[in-house]
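**Student:** Below is data19.cif; it holds mmCIF, C-alpha atoms.
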```cif
data_input
#
loop_
_atom_site.label_atom_id
_atom_site.label_comp_id
_atom_site.auth_asym_id
_atom_site.auth_seq_id
_atom_site.Cartn_x
_atom_site.Cartn_y
_atom_site.Cartn_z
CA MET A 1 16.37 -8.80 6.22
CA THR A 2 18.19 -10.81 3.60
CA GLY A 3 19.02 -8.90 0.46
CA VAL A 4 18.91 -10.10 -3.12
CA LEU A 5 22.68 -9.68 -3.10
CA VAL A 6 24.70 -10.22 0.07
CA LEU A 7 28.47 -9.92 0.19
CA THR A 8 30.03 -10.97 3.48
CA GLY A 9 33.68 -10.29 4.26
CA VAL A 10 34.58 -10.50 0.59
CA THR A 11 38.29 -10.35 -0.19
CA ARG A 12 39.86 -10.88 -3.59
CA VAL A 13 43.61 -11.16 -3.86
CA HIS A 14 45.40 -11.32 -7.18
CA GLY A 15 48.84 -12.93 -7.11
CA ALA A 16 50.61 -14.23 -4.03
CA GLY A 17 53.33 -13.37 -1.52
CA GLU A 18 55.12 -10.07 -2.00
CA ALA A 19 53.34 -9.37 -5.28
CA ALA A 20 49.84 -9.98 -3.89
CA VAL A 21 47.34 -7.23 -4.67
CA HIS A 22 44.19 -6.87 -2.60
CA ALA A 23 41.59 -5.92 -5.20
CA LEU A 24 38.96 -6.13 -2.48
CA ALA A 25 39.60 -6.36 1.25
CA GLY A 26 36.77 -7.36 3.56
CA ILE A 27 33.73 -5.93 1.78
CA ASP A 28 30.25 -6.31 3.30
CA LEU A 29 27.31 -5.27 1.16
CA ASP A 30 23.62 -6.06 1.34
CA VAL A 31 21.29 -4.95 -1.46
CA ALA A 32 17.58 -5.29 -0.73
CA PRO A 33 14.78 -5.70 -3.30
CA GLY A 34 13.80 -2.25 -4.55
CA GLU A 35 17.15 -0.78 -3.67
CA LEU A 36 19.71 0.77 -5.99
CA VAL A 37 23.24 0.98 -4.63
CA ALA A 38 25.93 2.95 -6.44
CA VAL A 39 29.59 2.08 -6.08
CA MET A 40 32.09 4.86 -6.69
CA GLY A 41 35.83 5.13 -6.41
CA PRO A 42 38.98 5.90 -8.39
CA SER A 43 40.27 3.44 -10.97
CA GLY A 44 41.82 0.45 -9.29
CA SER A 45 39.65 0.90 -6.19
CA GLY A 46 37.92 -2.45 -6.74
CA LYS A 47 34.59 -1.32 -8.25
CA SER A 48 34.74 -3.65 -11.23
CA THR A 49 36.06 -6.55 -9.16
CA LEU A 50 33.06 -6.12 -6.88
CA LEU A 51 30.66 -6.33 -9.81
CA THR A 52 32.46 -9.34 -11.30
CA LEU A 53 32.22 -11.20 -7.99
CA ALA A 54 28.57 -10.21 -7.50
CA GLY A 55 27.80 -11.65 -10.92
CA GLY A 56 29.56 -14.93 -10.22
CA LEU A 57 32.10 -14.34 -12.99
CA ASP A 58 34.93 -14.65 -10.48
CA SER A 59 35.21 -16.11 -6.97
CA PRO A 60 36.37 -14.36 -3.81
CA THR A 61 39.63 -15.41 -2.16
CA SER A 62 37.69 -15.40 1.10
CA GLY A 63 34.19 -14.42 2.19
CA THR A 64 30.90 -15.26 0.49
CA VAL A 65 28.67 -13.89 -2.25
CA ALA A 66 24.99 -14.87 -2.06
CA VAL A 67 22.33 -14.13 -4.67
CA GLU A 68 18.72 -14.64 -3.54
CA GLY A 69 20.04 -16.62 -0.59
CA ILE A 70 22.19 -18.96 -2.69
CA VAL A 71 25.91 -18.88 -1.88
CA LEU A 72 27.60 -18.84 -5.27
CA GLY A 73 30.88 -20.39 -4.09
CA ALA A 74 29.10 -23.60 -3.10
CA LEU A 75 27.68 -24.24 -6.57
CA SER A 76 28.84 -26.50 -9.37
CA ARG A 77 29.74 -24.76 -12.59
CA ALA A 78 26.42 -25.73 -14.20
CA ALA A 79 24.39 -24.61 -11.18
CA LEU A 80 26.26 -21.29 -11.11
CA ALA A 81 25.54 -20.74 -14.80
CA ALA A 82 21.86 -21.42 -14.12
CA VAL A 83 21.74 -18.84 -11.29
CA ARG A 84 23.44 -16.34 -13.55
CA ARG A 85 20.90 -16.91 -16.34
CA ARG A 86 17.86 -16.85 -14.07
CA SER A 87 18.69 -14.28 -11.41
CA ILE A 88 21.36 -11.89 -12.62
CA GLY A 89 21.14 -9.30 -15.36
CA TYR A 90 24.04 -7.22 -16.67
CA VAL A 91 24.08 -3.79 -18.22
CA PHE A 92 27.35 -2.66 -19.80
CA GLN A 93 28.70 0.66 -21.00
CA ASP A 94 28.78 -0.55 -24.62
CA PHE A 95 25.34 -2.28 -24.49
CA ASN A 96 26.74 -5.68 -25.62
CA LEU A 97 23.77 -6.51 -27.84
CA ILE A 98 24.17 -9.12 -30.56
CA PRO A 99 23.99 -7.20 -33.86
CA ALA A 100 22.49 -10.10 -35.85
CA LEU A 101 19.52 -10.41 -33.47
CA THR A 102 16.53 -8.09 -33.15
CA ALA A 103 15.76 -6.31 -29.89
CA ALA A 104 13.24 -8.98 -28.90
CA GLU A 105 15.63 -11.81 -29.83
CA ASN A 106 18.42 -10.22 -27.80
CA VAL A 107 16.14 -9.94 -24.78
CA ALA A 108 14.74 -13.46 -25.23
CA LEU A 109 18.18 -15.05 -25.55
CA PRO A 110 18.93 -15.65 -21.85
CA ARG A 111 15.47 -17.25 -21.44
CA GLU A 112 15.98 -19.49 -24.47
CA LEU A 113 19.42 -20.49 -23.22
CA ASP A 114 17.70 -21.43 -19.99
CA GLY A 115 15.46 -23.87 -21.88
CA GLU A 116 12.34 -21.74 -22.31
CA ALA A 117 10.27 -22.46 -25.43
CA PRO A 118 10.91 -19.80 -28.11
CA ARG A 119 7.33 -18.53 -28.14
CA GLN A 120 7.24 -18.15 -24.36
CA ALA A 121 10.71 -16.54 -24.34
CA ARG A 122 9.52 -14.05 -26.94
CA ALA A 123 6.44 -13.20 -24.87
CA LEU A 124 8.67 -12.53 -21.84
CA ALA A 125 10.99 -10.44 -24.01
CA VAL A 126 8.14 -8.30 -25.32
CA ALA A 127 6.87 -7.84 -21.76
CA ALA A 128 10.34 -6.70 -20.66
CA LEU A 129 10.58 -4.31 -23.62
CA GLU A 130 7.21 -2.93 -22.61
CA GLU A 131 8.51 -2.33 -19.09
CA VAL A 132 11.33 -0.18 -20.48
CA GLY A 133 8.96 1.61 -22.83
CA ILE A 134 10.18 0.42 -26.24
CA ASP A 135 8.02 -2.56 -27.19
CA GLU A 136 7.42 -0.88 -30.58
CA LEU A 137 11.12 -1.47 -31.36
CA ALA A 138 10.91 -5.24 -30.73
CA ASP A 139 11.77 -6.22 -34.30
CA ARG A 140 14.45 -3.65 -34.87
CA PHE A 141 18.17 -4.53 -35.07
CA PRO A 142 20.65 -2.82 -32.73
CA ASP A 143 22.34 -0.94 -35.60
CA ASP A 144 19.03 0.75 -36.41
CA MET A 145 18.63 2.09 -32.87
CA SER A 146 20.11 5.04 -31.00
CA GLY A 147 22.49 4.47 -28.09
CA GLY A 148 19.75 5.27 -25.59
CA GLN A 149 17.38 2.78 -27.23
CA GLN A 150 20.06 0.08 -27.28
CA GLN A 151 20.72 0.63 -23.59
CA ARG A 152 16.98 0.27 -22.95
CA VAL A 153 17.07 -3.07 -24.77
CA ALA A 154 20.03 -4.08 -22.60
CA ILE A 155 18.07 -3.16 -19.46
CA ALA A 156 15.09 -5.17 -20.73
CA ARG A 157 17.45 -8.12 -21.23
CA ALA A 158 18.77 -7.62 -17.70
CA ILE A 159 15.28 -7.84 -16.16
CA VAL A 160 13.66 -10.40 -18.51
CA GLY A 161 11.74 -13.20 -16.84
CA ASP A 162 12.01 -12.99 -13.11
CA ARG A 163 15.53 -11.64 -12.74
CA ARG A 164 15.78 -9.59 -9.60
CA LEU A 165 19.42 -8.49 -9.57
CA VAL A 166 20.73 -5.99 -12.10
CA LEU A 167 24.46 -5.24 -12.19
CA ALA A 168 25.24 -2.14 -14.21
CA ASP A 169 28.80 -1.19 -15.16
CA GLU A 170 28.99 2.47 -16.26
CA PRO A 171 25.67 2.12 -18.14
CA THR A 172 25.66 5.79 -19.12
CA GLY A 173 29.30 5.94 -20.17
CA ALA A 174 28.59 5.97 -23.91
CA LEU A 175 25.57 8.27 -23.78
CA ASP A 176 25.11 12.05 -23.78
CA THR A 177 23.98 13.67 -20.53
CA GLU A 178 20.25 13.84 -21.36
CA THR A 179 20.07 10.25 -22.67
CA GLY A 180 22.19 9.10 -19.74
CA GLU A 181 19.68 10.65 -17.39
CA GLN A 182 16.81 8.86 -19.11
CA VAL A 183 18.65 5.55 -18.66
CA MET A 184 19.18 6.35 -14.98
CA ARG A 185 15.49 7.23 -14.57
CA LEU A 186 14.63 3.89 -16.12
CA LEU A 187 17.01 1.95 -13.90
CA ARG A 188 15.61 3.82 -10.88
CA ALA A 189 12.06 2.95 -11.96
CA ARG A 190 12.89 -0.76 -12.34
CA CYS A 191 14.40 -0.74 -8.85
CA ASP A 192 11.33 1.05 -7.49
CA ALA A 193 9.35 -1.83 -9.04
CA GLY A 194 11.28 -4.34 -6.92
CA VAL A 195 14.58 -5.10 -8.67
CA ALA A 196 17.82 -4.89 -6.65
CA GLY A 197 20.44 -2.87 -8.52
CA VAL A 198 24.16 -2.29 -8.21
CA LEU A 199 25.54 0.54 -10.29
CA VAL A 200 29.24 1.12 -10.81
CA THR A 201 29.96 4.62 -12.01
CA HIS A 202 32.55 7.34 -11.72
CA GLU A 203 29.92 10.02 -12.34
CA ALA A 204 28.46 11.40 -9.14
CA ARG A 205 25.51 12.78 -11.09
CA HIS A 206 24.41 9.25 -11.97
CA ALA A 207 25.35 7.74 -8.62
CA ALA A 208 22.95 10.23 -7.05
CA TRP A 209 19.99 8.25 -8.44
CA ALA A 210 20.90 5.48 -6.00
CA ASP A 211 19.50 5.02 -2.50
CA ARG A 212 22.99 4.55 -1.15
CA VAL A 213 26.41 5.46 -2.47
CA VAL A 214 29.39 3.36 -1.41
CA PHE A 215 32.91 4.73 -1.89
CA LEU A 216 35.73 2.30 -2.41
CA ARG A 217 39.40 3.04 -2.18
CA ASP A 218 42.16 0.42 -2.36
CA GLY A 219 39.57 -2.34 -2.11
CA ARG A 220 37.96 -1.05 1.07
CA THR A 221 34.75 0.81 1.78
CA VAL A 222 35.90 4.23 2.91
CA ASP A 223 32.52 5.83 3.21
CA GLU A 224 28.86 5.36 2.60
CA THR A 225 25.92 7.74 2.43
CA GLY A 226 22.95 6.75 4.52
CA ARG A 227 19.31 6.35 3.60
CA ALA A 228 17.06 8.97 2.03
CA ALA A 229 16.72 12.40 3.57
CA THR A 230 13.40 14.04 4.37
CA ALA A 231 11.65 16.45 2.03
CA GLU A 232 12.32 19.31 4.48
CA SER A 233 16.05 18.76 4.50
CA MET A 234 15.99 18.65 0.70
CA LEU A 235 14.50 22.10 0.45
CA SER A 236 16.74 23.60 3.09
CA SER A 237 19.81 22.12 1.41
CA ALA A 238 18.55 23.31 -1.96
CA ALA A 239 18.15 26.80 -0.54
CA SER A 240 21.57 27.06 1.06
CA MET B 241 21.52 41.43 -9.00
CA SER B 242 19.51 38.76 -10.78
CA VAL B 243 16.35 39.21 -8.66
CA LYS B 244 15.94 42.72 -10.06
CA GLN B 245 16.28 41.60 -13.68
CA GLY B 246 14.27 38.46 -13.05
CA LEU B 247 11.29 40.41 -11.68
CA LEU B 248 11.58 42.93 -14.49
CA ALA B 249 11.48 40.13 -17.08
CA LEU B 250 8.35 38.70 -15.42
CA LEU B 251 6.68 42.13 -15.60
CA GLU B 252 7.34 42.18 -19.32
CA GLN B 253 4.62 39.54 -19.67
CA ARG B 254 1.91 41.50 -17.79
CA PRO B 255 1.52 43.95 -14.91
CA MET B 256 1.57 42.24 -11.52
CA TYR B 257 1.55 43.07 -7.82
CA GLY B 258 4.25 42.05 -5.35
CA TYR B 259 2.82 38.78 -4.10
CA GLN B 260 2.06 37.60 -7.64
CA LEU B 261 5.61 38.38 -8.71
CA ARG B 262 6.99 36.36 -5.85
CA SER B 263 4.80 33.36 -6.76
CA GLU B 264 5.78 33.54 -10.42
CA PHE B 265 9.47 33.75 -9.50
CA GLU B 266 9.21 30.77 -7.17
CA ALA B 267 7.18 28.69 -9.63
CA ARG B 268 10.23 28.80 -11.88
CA THR B 269 12.98 28.38 -9.32
CA GLY B 270 11.19 26.02 -6.94
CA ALA B 271 11.87 28.16 -3.88
CA THR B 272 15.58 27.50 -4.31
CA TRP B 273 16.25 31.17 -3.72
CA PRO B 274 13.30 32.21 -1.57
CA LEU B 275 12.14 35.81 -1.82
CA ASN B 276 10.14 37.55 0.85
CA VAL B 277 7.43 39.96 -0.15
CA GLY B 278 9.29 42.81 1.53
CA GLN B 279 12.26 42.14 -0.75
CA VAL B 280 9.96 42.19 -3.76
CA TYR B 281 8.50 45.58 -2.82
CA THR B 282 11.93 47.06 -2.08
CA THR B 283 13.09 45.87 -5.48
CA LEU B 284 9.98 47.31 -7.15
CA ALA B 285 10.61 50.66 -5.42
CA ARG B 286 14.15 50.70 -6.81
CA LEU B 287 12.99 49.74 -10.27
CA GLU B 288 10.42 52.54 -10.14
CA ARG B 289 13.07 55.03 -8.97
CA ASP B 290 15.21 53.99 -11.97
CA GLY B 291 12.27 54.45 -14.35
CA LEU B 292 12.11 50.77 -15.32
CA VAL B 293 8.62 50.10 -13.92
CA GLU B 294 5.64 52.32 -13.16
CA PRO B 295 2.50 51.98 -11.04
CA ALA B 296 -0.30 50.35 -13.04
CA GLY B 297 -3.30 50.93 -10.81
CA GLU B 298 -4.97 48.88 -8.11
CA ASP B 299 -7.56 46.14 -8.22
CA GLY B 300 -10.67 45.96 -6.04
CA GLU B 301 -8.73 44.35 -3.21
CA GLY B 302 -6.20 47.15 -3.05
CA HIS B 303 -3.30 45.27 -4.73
CA ALA B 304 -0.89 47.79 -6.23
CA PHE B 305 0.06 46.64 -9.74
CA TYR B 306 3.30 47.50 -11.49
CA GLY B 307 3.94 47.56 -15.24
CA ILE B 308 7.14 47.69 -17.23
CA THR B 309 8.28 50.87 -19.03
CA ASP B 310 10.06 51.10 -22.38
CA ALA B 311 13.34 51.61 -20.52
CA GLY B 312 12.51 48.50 -18.51
CA ARG B 313 11.95 46.48 -21.70
CA ALA B 314 15.32 47.64 -23.01
CA ALA B 315 16.94 46.60 -19.71
CA VAL B 316 15.40 43.10 -20.02
CA THR B 317 16.71 42.75 -23.58
CA THR B 318 20.18 43.82 -22.47
CA TRP B 319 20.07 41.30 -19.60
CA PHE B 320 19.28 38.40 -21.90
CA GLU B 321 21.87 39.48 -24.45
CA THR B 322 24.73 39.98 -21.98
CA PRO B 323 26.62 37.00 -20.54
CA VAL B 324 26.68 36.76 -16.76
CA SER B 325 29.97 38.20 -15.54
CA ARG B 326 32.61 35.69 -14.46
CA GLU B 327 35.19 38.35 -13.65
CA THR B 328 35.04 37.99 -9.90
CA PRO B 329 34.58 34.37 -8.83
CA PRO B 330 31.94 34.12 -6.11
CA ARG B 331 33.49 33.43 -2.70
CA ASP B 332 33.75 29.70 -2.24
CA GLU B 333 33.90 28.64 1.39
CA LEU B 334 35.07 25.13 0.53
CA ALA B 335 37.98 26.29 -1.63
CA ILE B 336 38.99 28.74 1.08
CA LYS B 337 38.70 26.04 3.73
CA LEU B 338 40.94 23.62 1.83
CA ALA B 339 43.42 26.33 0.90
CA ILE B 340 43.79 27.17 4.57
CA ALA B 341 43.69 23.53 5.70
CA VAL B 342 46.72 22.49 3.62
CA THR B 343 48.80 25.22 5.21
CA VAL B 344 47.76 24.69 8.83
CA PRO B 345 49.79 21.93 10.51
CA GLY B 346 47.87 19.08 12.07
CA VAL B 347 44.68 19.37 9.99
CA ASP B 348 43.48 16.05 8.56
CA VAL B 349 42.93 17.42 5.05
CA ARG B 350 41.93 14.08 3.56
CA GLY B 351 39.31 13.80 6.26
CA VAL B 352 38.01 17.26 5.34
CA VAL B 353 37.82 16.18 1.68
CA GLN B 354 36.09 12.91 2.48
CA ARG B 355 33.47 14.38 4.79
CA GLN B 356 32.70 17.10 2.28
CA ARG B 357 32.34 14.59 -0.54
CA THR B 358 29.87 12.52 1.45
CA ALA B 359 27.87 15.64 2.32
CA THR B 360 27.87 16.84 -1.28
CA ILE B 361 26.83 13.42 -2.60
CA ARG B 362 23.92 13.52 -0.15
CA ALA B 363 22.90 16.93 -1.45
CA LEU B 364 23.20 15.56 -4.98
CA GLN B 365 20.93 12.64 -4.04
CA ASP B 366 18.40 15.13 -2.65
CA TYR B 367 18.39 17.19 -5.86
CA THR B 368 18.04 14.00 -7.87
CA ARG B 369 15.02 12.93 -5.82
CA LEU B 370 13.43 16.32 -6.44
CA LYS B 371 14.15 15.80 -10.13
CA ALA B 372 12.62 12.33 -10.10
CA ARG B 373 9.46 13.87 -8.66
CA SER B 374 9.30 16.85 -10.97
CA GLY B 375 6.43 17.08 -13.41
CA ASP B 376 6.04 17.25 -17.16
CA SER B 377 9.01 19.10 -18.66
CA ARG B 378 6.83 20.27 -21.57
CA LYS B 379 5.23 22.78 -19.17
CA PRO B 380 7.34 25.96 -19.11
CA ALA B 381 7.39 26.36 -15.31
CA GLU B 382 8.36 22.68 -14.80
CA LEU B 383 11.06 23.01 -17.43
CA ALA B 384 12.39 26.11 -15.66
CA TRP B 385 12.49 24.25 -12.33
CA LEU B 386 14.26 21.28 -13.95
CA LEU B 387 16.91 23.59 -15.38
CA VAL B 388 17.48 25.10 -11.93
CA LEU B 389 17.78 21.60 -10.44
CA ASP B 390 20.18 20.59 -13.22
CA SER B 391 22.28 23.63 -12.39
CA LEU B 392 22.47 22.53 -8.73
CA VAL B 393 23.23 18.95 -9.84
CA PHE B 394 26.05 19.92 -12.18
CA ALA B 395 27.55 22.32 -9.62
CA ALA B 396 27.52 19.60 -6.95
CA GLU B 397 29.03 17.14 -9.39
CA ALA B 398 31.78 19.60 -10.30
CA GLU B 399 32.54 20.02 -6.61
CA ILE B 400 32.79 16.24 -6.14
CA ARG B 401 35.12 15.91 -9.14
CA TRP B 402 37.25 18.69 -7.75
CA LEU B 403 37.35 16.95 -4.34
CA ASP B 404 38.44 13.68 -6.05
CA HIS B 405 41.14 15.64 -7.79
CA CYS B 406 42.25 17.29 -4.51
CA GLU B 407 42.50 13.88 -2.92
CA VAL B 408 44.81 12.58 -5.65
CA ARG B 409 46.90 15.74 -5.54
CA LEU B 410 47.20 15.55 -1.76
CA ALA B 411 48.21 11.89 -1.89
CA ARG B 412 50.85 12.68 -4.49
CA ALA B 413 52.14 15.65 -2.53
CA ALA B 414 52.36 13.52 0.62
CA ALA B 415 54.30 10.84 -1.28
CA ASP B 416 56.72 13.41 -2.72
CA ARG B 417 57.36 15.16 0.57
CA PRO B 418 60.69 14.34 2.24
CA ALA B 419 60.19 11.95 5.17
CA THR B 420 60.22 14.41 8.06
CA THR B 421 57.55 15.13 10.64
CA ALA B 422 54.51 15.88 8.52
CA PRO B 423 53.91 12.44 6.87
CA ALA B 424 54.06 10.76 10.27
CA ALA B 425 51.36 13.07 11.58
CA ALA B 426 49.24 12.48 8.49
CA ALA B 427 49.59 8.72 8.84
CA THR B 428 48.53 8.88 12.46
CA THR B 429 45.39 10.84 11.71
CA ALA B 430 44.58 8.56 8.78
CA ARG B 431 44.83 5.57 11.06
CA ALA B 432 42.76 7.25 13.77
CA GLU B 433 40.16 7.98 11.10
CA GLN B 434 40.00 4.35 9.99
CA VAL B 435 39.52 3.30 13.56
CA GLN B 436 36.64 5.75 13.96
CA ARG B 437 34.90 4.25 10.96
#
```
Let me see the structure of the file written as structure tokens.
**Tutor:**
Amino acid sequence: MTGVLVLTGVTRVHGAGEAAVHALAGIDLDVAPGELVAVMGPSGSGKSTLLTLAGGLDSPTSGTVAVEGIVLGALSRAALAAVRRRSIGYVFQDFNLIPALTAAENVALPRELDGEAPRQARALAVAALEEVGIDELADRFPDDMSGGQQQRVAIARAIVGDRRLVLADEPTGALDTETGEQVMRLLRARCDAGVAGVLVTHEARHAAWADRVVFLRDGRTVDETGRAATAESMLSSAAS
Amino acid sequence: MSVKQGLLALLEQRPMYGYQLRSEFEARTGATWPLNVGQVYTTLARLERDGLVEPAGEDGEGHAFYGITDAGRAAVTTWFETPVSRETPPRDELAIKLAIAVTVPGVDVRGVVQRQRTATIRALQDYTRLKARSGDSRKPAELAWLLVLDSLVFAAEAEIRWLDHCEVRLARAAADRPATTAPAAAATTARAEQVQR
């Protein structure tokens, strides 16, 4: 099965010769629709590089990154920008909403930039806000919202239209534990509804919402948890 | 032990018989710490001996009910008002295992750390799935179960953070060690481990 995001033998080297640093070294990763994959590892392990490459913001030194079957390295700059607008959504630790725009305008922005008529873009934005449970805040400005609400807007922006890949970089980093959990529940729910998600986090508690957890160290995958356990093993492990 | 106080606190609400008590206990803790009925009756016998509960009659089906006494109520109040003792840390097999592993030559300690972290993350994923499925937290029993799950989640997370920390400390210790026999052995096992993966 071909995933929404497929990394094949991805290596990213910064610098050259003696000073060369392997930020990533031979990473393979396949994220299917409906799947949430968490990437963990110490600082400098390559987590952020992986997300940057997956989002087409940087290119691998070798190997390929494909989003919905399209190999990003083969694209012109304009075509790459179009894939990024249409297929890839980002969620950041600090929300990255535009303060001068309302929630709905923030969410509609990527659609408008992609040439959608304003009215249609707004309709898609309101639908996305509905999916994250805050359509009543559509006309509110970011400064008048709590951190958790702003992150919901950011998730709505990440899934607006038909975007099927969400890349989340420490999305709970600026939130308290309870609000952070609500954001993780939401991200989990969007993935259960068919989105493919990649979550970079250093918090195991949040990584545990993922179907799979990948550990990176020094740019390599050192370990990976498998697929879901059965209900029986859950109870026996809970009891031990 | 907490089972004794827990059952006593449940009896403060109304008299109950053994099987009922077990169900009420498990409704709150989601069978995380399963009780058998025998254990419940043994505990009730002890509570009765100590004057904290008393027999409260039988129903038509022959269930023997127990009710709380005034002394029992006082014991429940004291339990809620007194912090749980942290004087003696509970025995921690993992801490003991690592403490021994770093002193026994030839043990691949980083491998021990890594395998444990994977196992603990899996457990954490399991707890999180149970949480995702849990019901409405406005219902008291669901809220109780969520708090128990949260406790398991935070404990597992603390263990993972500690394992991360151990890994860094071990790497630093290995780097600081004079280049004699030990680092060579560690490097060999690390390489063997990479090959296995």
**Student:** Write out as number ranges by chain each polymer residue whose atoms come within 7 Å of stretch 195-199 of chain A, counting all atoms listed in the file; drop sequence neighbours fewer than 4 positions from it.
**Tutor:** A: 4, 31-39, 164-169, 190-191
**Student:** Please provide as a PDB file with C-alpha atoms, in the coordinates of the input all residues within 12 Å of B:Val408, with the sequence filter that same-chain residues fewer than 2 positions apart are discarded (counting all atoms listed in the file).
**Tutor:**
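File produced: around_18.pdb:
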```pdb
ATOM      1  CA  GLY A  41      35.830   5.130  -6.410  1.00  0.00           C
ATOM      2  CA  PRO A  42      38.980   5.900  -8.390  1.00  0.00           C
ATOM      3  CA  SER A  43      40.270   3.440 -10.970  1.00  0.00           C
ATOM      4  CA  ARG A 217      39.400   3.040  -2.180  1.00  0.00           C
TER       5      ARG A 217
ATOM      6  CA  VAL B 349      42.930  17.420   5.050  1.00  0.00           C
ATOM      7  CA  ARG B 350      41.930  14.080   3.560  1.00  0.00           C
ATOM      8  CA  VAL B 353      37.820  16.180   1.680  1.00  0.00           C
ATOM      9  CA  GLN B 354      36.090  12.910   2.480  1.00  0.00           C
ATOM     10  CA  ARG B 401      35.120  15.910  -9.140  1.00  0.00           C
ATOM     11  CA  TRP B 402      37.250  18.690  -7.750  1.00  0.00           C
ATOM     12  CA  LEU B 403      37.350  16.950  -4.340  1.00  0.00           C
ATOM     13  CA  ASP B 404      38.440  13.680  -6.050  1.00  0.00           C
ATOM     14  CA  HIS B 405      41.140  15.640  -7.790  1.00  0.00           C
ATOM     15  CA  CYS B 406      42.250  17.290  -4.510  1.00  0.00           C
ATOM     16  CA  LEU B 410      47.200  15.550  -1.760  1.00  0.00           C
ATOM     17  CA  ALA B 411      48.210  11.890  -1.890  1.00  0.00           C
ATOM     18  CA  ARG B 412      50.850  12.680  -4.490  1.00  0.00           C
ATOM     19  CA  ALA B 413      52.140  15.650  -2.530  1.00  0.00           C
ATOM     20  CA  ALA B 414      52.360  13.520   0.620  1.00  0.00           C
ATOM     21  CA  ALA B 415      54.300  10.840  -1.280  1.00  0.00           C
TER      22      ALA B 415
END
```
**Student:** Distance limit 6 Å, atoms considered: only C-alpha atoms. Which chain B residues sit that close to chain A? Return them as a PyMOL selection string.
**Tutor:** chain B and resi 272-273+364-366+397
**Student:** If the PyMOL selection byres ((chain A and resi 49) around 9) were run on this exact file, what residues would it hold? Put them as a list in words.
**Tutor:**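 So the PyMOL selection byres ((chain A and resi 49) around 9) ends up selecting Arg12, Ala23, Leu24, Ser45, Gly46, Lys47, Ser48, Leu50, Leu51, Thr52, Leu53, Ala54, Asp58 and Gly219 of chain A.
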**Student:** May I ask for the distance between atom CA of A:Gly56 and atom CA of A:Ile88, given in Å to one decimal place?
**Tutor:**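 Going from atom CA of A:Gly56 over to atom CA of A:Ile88 covers 9.1 Å.
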**Student:** Place a sphere of radius 10 Å on (-2.6, 42.2, -6.2) in the file coordinates and name every protein, DNA or RNA residue with an atom inside or on its surface, counting only C-alpha atoms; give the answer as a list in words.
**Tutor:**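 Residues satisfying the cut-off, written out: Pro255, Met256, Tyr257, Gly258, Tyr259, Gln260, Leu261, Gly297, Glu298, Asp299, Gly300, Glu301, Gly302, His303, Ala304, Phe305 and Tyr306 of chain B.
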**Student:** List, as JSON, numbers by chain, every residue that the PyMOL selection byres ((chain B and resi 310) around 10) selects in the file provided.
**Tutor:** {"B": [252, 291, 292, 293, 308, 309, 311, 312, 313, 314, 315, 316]}
**Student:** Could you tell me how far atom CA of A:Gly69 lies from atom CA of A:Ala121, in Å and to one decimal?
**Tutor:**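 Between atom CA of A:Gly69 and atom CA of A:Ala121 the gap is 25.5 Å.
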**Student:** Fewer than 5 positions away in the same chain doesn't count, so skip those; otherwise give me all residues within 9 Å of B:Val388, counting all atoms listed in the file, as a list in words.
**Tutor:**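 Contacts, with the query itself left out: Arg268, Thr269, Gly270, Thr272, Leu383 and Val393 of chain B.
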**Student:** Compare A:Gly147, A:Pro60, A:Gly161, A:Gly17 by their minimum atom-to-atom distance to A:Leu109, counting all atoms listed in the file, and give me the closest one.
**Tutor:**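 Nearest to A:Leu109: A:Gly161.
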**Student:** May I have the residues within 9 Å of A:Pro99 as a PyMOL selection string, using all atoms listed in the file and disregarding those fewer than 2 positions away in the same chain?
**Tutor:** chain A and resi 96-97+101-102+106+141-143
**Student:** Determine the axis-aligned bounding box of all atoms of stretch 105-123 of chain A present in the file, pad each side by 4 Å, and express its centre and edge lengths in Å to one decimal place as AutoDock Vina command-line options.
**Tutor:**
```
--center_x 12.9 --center_y -16.9 --center_z -24.9 --size_x 21.0 --size_y 21.9 --size_z 17.8
```
**Student:** Can you work out the spacing between atom CA of A:Val183 and atom CA of A:Ile155 in Å, to one decimal?
**Tutor:**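 Those two atoms sit 8.8 Å apart.
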**Student:** Pick from A:Arg163, A:Asp28, A:Ala104, A:His22: nearest to A:Val83, with all atoms listed in the file counted?
**Tutor:**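 For A:Val83, the nearest of the given residues is A:Arg163.
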**Student:** Spell out the residues picked by the PyMOL selection byres ((chain A and resi 131) around 12) here, as a PyMOL selection string.
**Tutor:** chain A and resi 124-130+132-136+152-153+155-161+186-187+189-191+193
**Student:** Would you pick out the contacts of A:Arg86 at 8 Å or less, using all atoms listed in the file, so that residues sharing its chain but fewer than 4 positions from it are not included, and give the list as number ranges by chain?
**Tutor:** A: 82, 110-111, 114, 161-163
